[in-house]
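> Structure file structure.csv (CSV, C-alpha atoms and all ligand atoms) is given on the next line.
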chain,number,residue,atom,x,y,z
M,6,MET,CA,1.0,-16.7,6.4
M,7,LYS,CA,4.6,-18.1,6.3
M,8,ASN,CA,5.9,-14.6,6.1
M,9,ALA,CA,3.6,-13.0,8.6
M,10,ASP,CA,4.6,-12.1,12.2
M,11,LEU,CA,1.0,-12.3,13.4
M,12,ILE,CA,-2.2,-13.8,12.0
M,13,VAL,CA,-5.5,-12.0,12.8
M,14,THR,CA,-8.8,-13.8,12.1
M,15,ALA,CA,-12.1,-11.9,11.9
M,16,LEU,CA,-14.4,-14.5,10.5
M,17,ASP,CA,-18.0,-15.4,10.7
M,18,SER,CA,-17.7,-19.2,11.0
M,19,ASP,CA,-15.7,-21.8,12.8
M,20,GLY,CA,-14.7,-23.8,9.7
M,21,PRO,CA,-12.4,-21.2,8.2
M,22,ARG,CA,-11.4,-20.1,11.7
M,23,CYS,CA,-10.2,-23.7,12.4
M,24,LEU,CA,-8.2,-23.8,9.1
M,25,ALA,CA,-6.4,-20.6,9.9
M,26,MET,CA,-5.7,-21.8,13.4
M,27,SER,CA,-4.3,-25.1,12.1
M,28,LEU,CA,-1.9,-23.2,9.7
M,29,ALA,CA,-0.8,-20.9,12.6
M,30,GLY,CA,0.1,-24.1,14.5
M,31,ARG,CA,1.9,-25.6,11.6
M,32,TYR,CA,4.0,-22.5,10.9
M,33,GLY,CA,4.4,-21.6,14.6
M,34,LYS,CA,2.8,-18.2,14.2
M,35,PRO,CA,0.8,-16.4,16.9
M,36,LEU,CA,-2.9,-15.9,16.1
M,37,VAL,CA,-5.5,-13.4,17.3
M,38,ASN,CA,-9.1,-14.4,16.9
M,39,VAL,CA,-11.4,-11.4,17.0
M,40,SER,CA,-15.1,-12.2,17.2
M,41,ASN,CA,-18.5,-11.0,18.4
M,42,ALA,CA,-22.0,-12.3,19.1
M,43,ILE,CA,-25.5,-10.9,19.4
M,44,TYR,CA,-28.4,-12.8,20.8
M,45,LEU,CA,-31.9,-11.8,20.1
M,46,ASP,CA,-35.1,-12.5,22.0
M,47,ALA,CA,-38.4,-11.7,20.1
M,48,GLY,CA,-36.5,-9.2,17.9
M,49,ARG,CA,-34.8,-7.4,20.7
M,50,ILE,CA,-31.2,-7.6,21.6
M,51,LYS,CA,-30.8,-9.8,24.7
M,52,SER,CA,-27.0,-9.9,25.0
M,53,SER,CA,-24.0,-9.0,23.1
M,54,TYR,CA,-20.3,-9.9,23.4
M,55,ALA,CA,-16.9,-9.1,21.9
M,56,SER,CA,-14.1,-11.5,22.2
M,57,CYS,CA,-10.3,-11.3,21.6
M,58,GLN,CA,-8.4,-14.6,22.0
M,59,TRP,CA,-4.7,-15.4,21.4
M,60,PHE,CA,-3.2,-18.7,20.3
M,61,ILE,CA,0.6,-18.6,20.7
M,62,PRO,CA,2.2,-21.9,19.7
M,63,ARG,CA,4.4,-23.5,22.4
M,64,GLU,CA,3.3,-21.0,25.1
M,65,HIS,CA,1.1,-22.9,27.6
M,66,LYS,CA,-0.8,-19.9,28.6
M,67,TYR,CA,-2.1,-19.5,25.1
M,68,PRO,CA,-3.4,-22.8,23.9
M,69,CYS,CA,-5.2,-23.2,20.5
M,70,LEU,CA,-8.8,-22.1,20.1
M,71,ARG,CA,-10.0,-25.7,20.2
M,72,CYS,CA,-8.4,-26.2,23.6
M,73,GLN,CA,-9.9,-22.9,24.7
M,74,GLY,CA,-13.3,-24.4,24.0
M,75,ALA,CA,-14.0,-21.7,21.5
M,76,LEU,CA,-14.9,-23.8,18.4
M,77,ASP,CA,-18.1,-25.6,17.6
M,78,GLU,CA,-17.1,-29.0,16.1
M,79,LYS,CA,-20.4,-29.5,14.4
M,80,GLN,CA,-20.2,-26.1,12.7
M,81,ILE,CA,-16.6,-26.9,11.5
M,82,GLU,CA,-17.8,-30.3,10.1
M,83,ALA,CA,-20.6,-28.6,8.3
M,84,ASP,CA,-18.4,-25.7,7.0
M,85,LEU,CA,-15.6,-28.0,5.7
M,86,MET,CA,-17.8,-30.7,4.2
M,87,SER,CA,-17.5,-31.2,0.4
M,88,GLU,CA,-20.2,-29.9,-1.8
M,89,ARG,CA,-21.1,-33.4,-2.8
M,90,LEU,CA,-21.5,-34.4,0.9
M,91,LYS,CA,-23.5,-31.3,1.6
M,92,LEU,CA,-25.9,-32.2,-1.2
M,93,MET,CA,-26.2,-35.7,0.0
M,94,ARG,CA,-27.0,-34.6,3.5
M,95,GLN,CA,-29.5,-32.1,2.3
M,96,LYS,CA,-31.3,-34.9,0.3
M,97,ALA,CA,-31.3,-36.9,3.5
M,98,GLY,CA,-33.1,-34.1,5.3
M,99,TYR,CA,-30.3,-32.3,7.1
M,100,VAL,CA,-30.4,-28.5,7.2
M,101,ILE,CA,-27.2,-27.0,5.9
M,102,GLY,CA,-26.2,-23.5,4.8
M,103,THR,CA,-28.7,-21.8,7.1
M,104,GLN,CA,-28.1,-20.2,10.4
M,105,ASP,CA,-29.9,-21.7,13.4
M,106,SER,CA,-30.2,-18.4,15.1
M,107,PRO,CA,-29.7,-15.5,12.7
M,108,ASN,CA,-27.7,-12.8,14.4
M,109,ALA,CA,-27.7,-9.1,13.5
M,110,GLN,CA,-24.2,-7.9,12.9
M,111,VAL,CA,-24.1,-4.4,14.4
M,112,ILE,CA,-21.3,-2.0,13.6
M,113,PRO,CA,-20.7,-0.8,17.2
M,114,VAL,CA,-20.2,-4.4,18.3
M,115,ASN,CA,-17.6,-4.9,15.5
M,116,SER,CA,-15.9,-1.7,16.6
M,117,ALA,CA,-15.7,-2.8,20.2
M,118,ALA,CA,-14.1,-6.1,19.2
M,119,ALA,CA,-11.7,-4.5,16.7
M,120,GLY,CA,-10.7,-1.8,19.3
M,121,ILE,CA,-9.9,-4.3,22.0
M,122,ALA,CA,-7.9,-6.5,19.6
M,123,ALA,CA,-6.0,-3.5,18.2
M,124,TRP,CA,-5.1,-2.4,21.7
M,125,GLU,CA,-3.9,-5.8,22.7
M,126,ILE,CA,-1.9,-6.3,19.5
M,127,SER,CA,-0.3,-2.8,20.0
M,128,LEU,CA,0.8,-3.7,23.5
M,129,TRP,CA,2.2,-7.0,22.3
M,130,ALA,CA,4.0,-5.6,19.3
M,131,ALA,CA,5.6,-2.8,21.4
M,132,GLY,CA,6.6,-5.3,24.1
M,133,ILE,CA,4.8,-3.4,26.8
M,134,ARG,CA,3.0,-6.5,28.3
M,135,GLN,CA,1.9,-10.0,27.4
M,136,PRO,CA,-1.6,-10.2,25.9
M,137,LYS,CA,-4.5,-11.4,27.9
M,138,PRO,CA,-5.2,-14.9,26.6
M,139,TRP,CA,-8.9,-14.4,26.2
M,140,ILE,CA,-10.9,-11.2,26.8
M,141,HIS,CA,-14.6,-11.7,26.8
M,142,TYR,CA,-16.4,-8.3,26.9
M,143,ASP,CA,-20.1,-8.0,27.7
M,144,LEU,CA,-21.5,-5.0,25.9
M,145,MET,CA,-24.8,-4.9,27.8
M,146,SER,CA,-23.2,-4.6,31.3
M,147,HIS,CA,-19.8,-3.3,30.2
M,148,THR,CA,-18.0,-5.9,32.1
M,149,CYS,CA,-15.0,-7.9,31.1
M,150,GLU,CA,-14.1,-11.5,31.9
M,151,MET,CA,-10.6,-12.8,31.5
M,152,LEU,CA,-10.8,-16.4,30.5
M,153,GLN,CA,-8.0,-19.0,30.5
M,154,GLY,CA,-8.1,-22.2,28.4
M,155,VAL,CA,-6.2,-25.3,29.3
M,156,ALA,CA,-4.1,-27.1,26.6
M,157,ASP,CA,-4.8,-30.7,25.9
M,158,PRO,CA,-1.3,-32.4,25.7
M,159,GLU,CA,-2.7,-34.7,22.9
M,160,CYS,CA,-4.2,-31.8,20.9
M,161,THR,CA,-3.2,-32.2,17.2
M,162,VAL,CA,-2.9,-28.4,16.8
M,163,CYS,CA,-1.1,-27.2,19.9
M,164,GLY,CA,0.0,-30.3,21.8
M,165,LEU,CA,3.4,-31.9,21.8
M,166,GLY,CA,2.2,-35.5,21.3
M,167,LYS,CA,3.3,-37.6,18.3
M,168,ASN,CA,0.0,-36.9,16.4
M,169,SER,CA,0.5,-33.1,16.6
M,170,TYR,CA,1.1,-30.9,13.6
M,171,LEU,CA,2.7,-28.2,15.7
M,172,ALA,CA,5.5,-26.5,13.9
M,173,THR,CA,5.7,-29.2,11.2
M,174,GLY,CA,5.3,-26.6,8.4
M,175,ASP,CA,4.9,-28.4,5.1
M,176,ALA,CA,7.0,-31.4,6.2
M,177,ASP,CA,4.2,-34.0,5.8
M,178,VAL,CA,3.1,-32.5,2.4
M,179,VAL,CA,6.7,-32.8,1.2
M,180,LEU,CA,6.8,-36.4,2.5
M,181,GLN,CA,3.5,-37.2,0.7
M,182,ILE,CA,4.8,-35.8,-2.6
M,183,ARG,CA,8.1,-37.8,-2.2
M,184,GLN,CA,6.1,-40.9,-1.6
M,185,ILE,CA,4.0,-40.3,-4.7
M,186,LEU,CA,7.1,-39.6,-6.9
M,187,LEU,CA,9.2,-42.4,-5.6
M,188,GLY,CA,6.3,-44.8,-5.2
M,189,LYS,CA,7.0,-45.6,-1.6
N,1,ZN,ZN,-5.0,-27.3,21.3
Any chance you could put this one into structure tokens?
Ligand SMILES: [Zn+2]


Amino acid sequence: MKNADLIVTALDSDGPRCLAMSLAGRYGKPLVNVSNAIYLDAGRIKSSYASCQWFIPREHKYPCLRCQGALDEKQIEADLMSERLKLMRQKAGYVIGTQDSPNAQVIPVNSAAAGIAAWEISLWAAGIRQPKPWIHYDLMSHTCEMLQGVADPECTVCGLGKNSYLATGDADVVLQIRQILLGK
């Protein structure tokens, strides 16, 4: 990621998505999150969406995915929980490792999401125009919504507050190693 010009995520879950986004913030790399969703009702497709979102560190029009309201905190917590904790929670009766609403992954929906993202990335890379911060495409009605997130100044990923990891790279890791080695 340190050597990349652009990070593209096409993931099924918010846990790994959140990790990739955090690293993009730390290393100051732009990130494109490509995703889709299908909702079923009694076995029939009710609605379907493709989404293409940009996080560009230090550009206020492109806040992180968390500030865009695109991440489910509960899912992140469940995804990133240690195996030991998962087991403990399962014993305590929590349901983990299953999908609440199983969604069919349909190839045409993936193609729509990939196509929109590839187009936006091409325009960005060629310097033709700035990317749309968040394109939300409805595949049932063939309508597009342009969404705009608002950055939280205290966000630990994209904010400029003192608790932010924005553009810190490995600085705190180096600091931790130094503290361990020097005992202070
Ligand atoms: Zn943020």

> Please report as a tab-separated table every residue of chain M lying within 10 Å of ligand ZN 1 (chain N), along with the nearest atom pair and their distance in Å (one decimal), using only C-alpha atoms and all ligand atoms.


residue	atom	partner	partner_atom	distance
M:Met26	CA	N:ZN1	ZN	9.7
M:Ser27	CA	N:ZN1	ZN	9.5
M:Gly30	CA	N:ZN1	ZN	9.1
M:Phe60	CA	N:ZN1	ZN	8.8
M:Pro62	CA	N:ZN1	ZN	9.1
M:His65	CA	N:ZN1	ZN	9.8
M:Tyr67	CA	N:ZN1	ZN	9.1
M:Pro68	CA	N:ZN1	ZN	5.4
M:Cys69	CA	N:ZN1	ZN	4.2
M:Leu70	CA	N:ZN1	ZN	6.6
M:Arg71	CA	N:ZN1	ZN	5.4
M:Cys72	CA	N:ZN1	ZN	4.2
M:Gln73	CA	N:ZN1	ZN	7.4
M:Gly74	CA	N:ZN1	ZN	9.2
M:Gly154	CA	N:ZN1	ZN	9.3
M:Val155	CA	N:ZN1	ZN	8.3
M:Ala156	CA	N:ZN1	ZN	5.4
M:Asp157	CA	N:ZN1	ZN	5.7
M:Pro158	CA	N:ZN1	ZN	7.7
M:Glu159	CA	N:ZN1	ZN	7.9
M:Cys160	CA	N:ZN1	ZN	4.6
M:Thr161	CA	N:ZN1	ZN	6.6
M:Val162	CA	N:ZN1	ZN	5.1
M:Cys163	CA	N:ZN1	ZN	4.1
M:Gly164	CA	N:ZN1	ZN	5.9
M:Leu165	CA	N:ZN1	ZN	9.6
M:Ser169	CA	N:ZN1	ZN	9.3
M:Leu171	CA	N:ZN1	ZN	9.6

> Selected residues, C-alpha atoms, written as a CSV table (one decimal), in the frame of the given file, please.


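Just written: again-v1.csv:
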chain,number,residue,atom,x,y,z
M,26,MET,CA,-5.7,-21.8,13.4
M,27,SER,CA,-4.3,-25.1,12.1
M,30,GLY,CA,0.1,-24.1,14.5
M,60,PHE,CA,-3.2,-18.7,20.3
M,62,PRO,CA,2.2,-21.9,19.7
M,65,HIS,CA,1.1,-22.9,27.6
M,67,TYR,CA,-2.1,-19.5,25.1
M,68,PRO,CA,-3.4,-22.8,23.9
M,69,CYS,CA,-5.2,-23.2,20.5
M,70,LEU,CA,-8.8,-22.1,20.1
M,71,ARG,CA,-10.0,-25.7,20.2
M,72,CYS,CA,-8.4,-26.2,23.6
M,73,GLN,CA,-9.9,-22.9,24.7
M,74,GLY,CA,-13.3,-24.4,24.0
M,154,GLY,CA,-8.1,-22.2,28.4
M,155,VAL,CA,-6.2,-25.3,29.3
M,156,ALA,CA,-4.1,-27.1,26.6
M,157,ASP,CA,-4.8,-30.7,25.9
M,158,PRO,CA,-1.3,-32.4,25.7
M,159,GLU,CA,-2.7,-34.7,22.9
M,160,CYS,CA,-4.2,-31.8,20.9
M,161,THR,CA,-3.2,-32.2,17.2
M,162,VAL,CA,-2.9,-28.4,16.8
M,163,CYS,CA,-1.1,-27.2,19.9
M,164,GLY,CA,0.0,-30.3,21.8
M,165,LEU,CA,3.4,-31.9,21.8
M,169,SER,CA,0.5,-33.1,16.6
M,171,LEU,CA,2.7,-28.2,15.7

> Skip Ser116 (chain M) itself and residues of its chain fewer than 6 positions away, then list as an MDAnalysis selection string all residues within 12 Å of it, counting only C-alpha atoms.

chainID M and resid 15 39:41 54:56 110 122:124 144

> For Cys23 (chain M), which of M:Leu180, M:Leu76, M:Ile133, M:Leu36 is the closest residue, counting all atoms listed in the file?

M:Leu76

> One number please: CA of Gly174 (chain M) to CA of Ala130 (chain M), in Å, one decimal.

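Interatomic distance here is 23.7 Å.
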
> Could you jot down the CA of Asp77 (chain M) to CA of Gln58 (chain M) separation for me, Å, one decimal place?

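Separation between CA of Asp77 (chain M) and CA of Gln58 (chain M): 15.3 Å.
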
> What does the structure give for the distance between CA of Asp84 (chain M) and CA of Ser18 (chain M), in Å to one decimal?

7.7 Å

> Counting all atoms listed in the file, which of M:Glu88, M:Leu187, M:Leu11, M:Asp143 gets nearest to Ile43 (chain M)?

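Ranked by minimum distance to Ile43 (chain M), first place goes to M:Asp143.
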
> Would you list the contacts of Cys57 (chain M) as a ChimeraX atom specification, taking every protein, DNA or RNA residue within 9 Å and counting all atoms listed in the file, but skipping same-chain residues closer than 3 positions in sequence?

/M:37-41,118-119,121-122,125,137-142

> Using only C-alpha atoms, find the one residue out of M:Ser146, M:Arg49, M:Ala172, M:Gly188 that sits nearest to Ala29 (chain M).

M:Ala172

> Ranking M:Lys91, M:Val114, M:Gln80, M:Gln184 by minimum distance to Ser52 (chain M) and counting only C-alpha atoms, which one comes first?

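The closest residue to Ser52 (chain M) is M:Val114.
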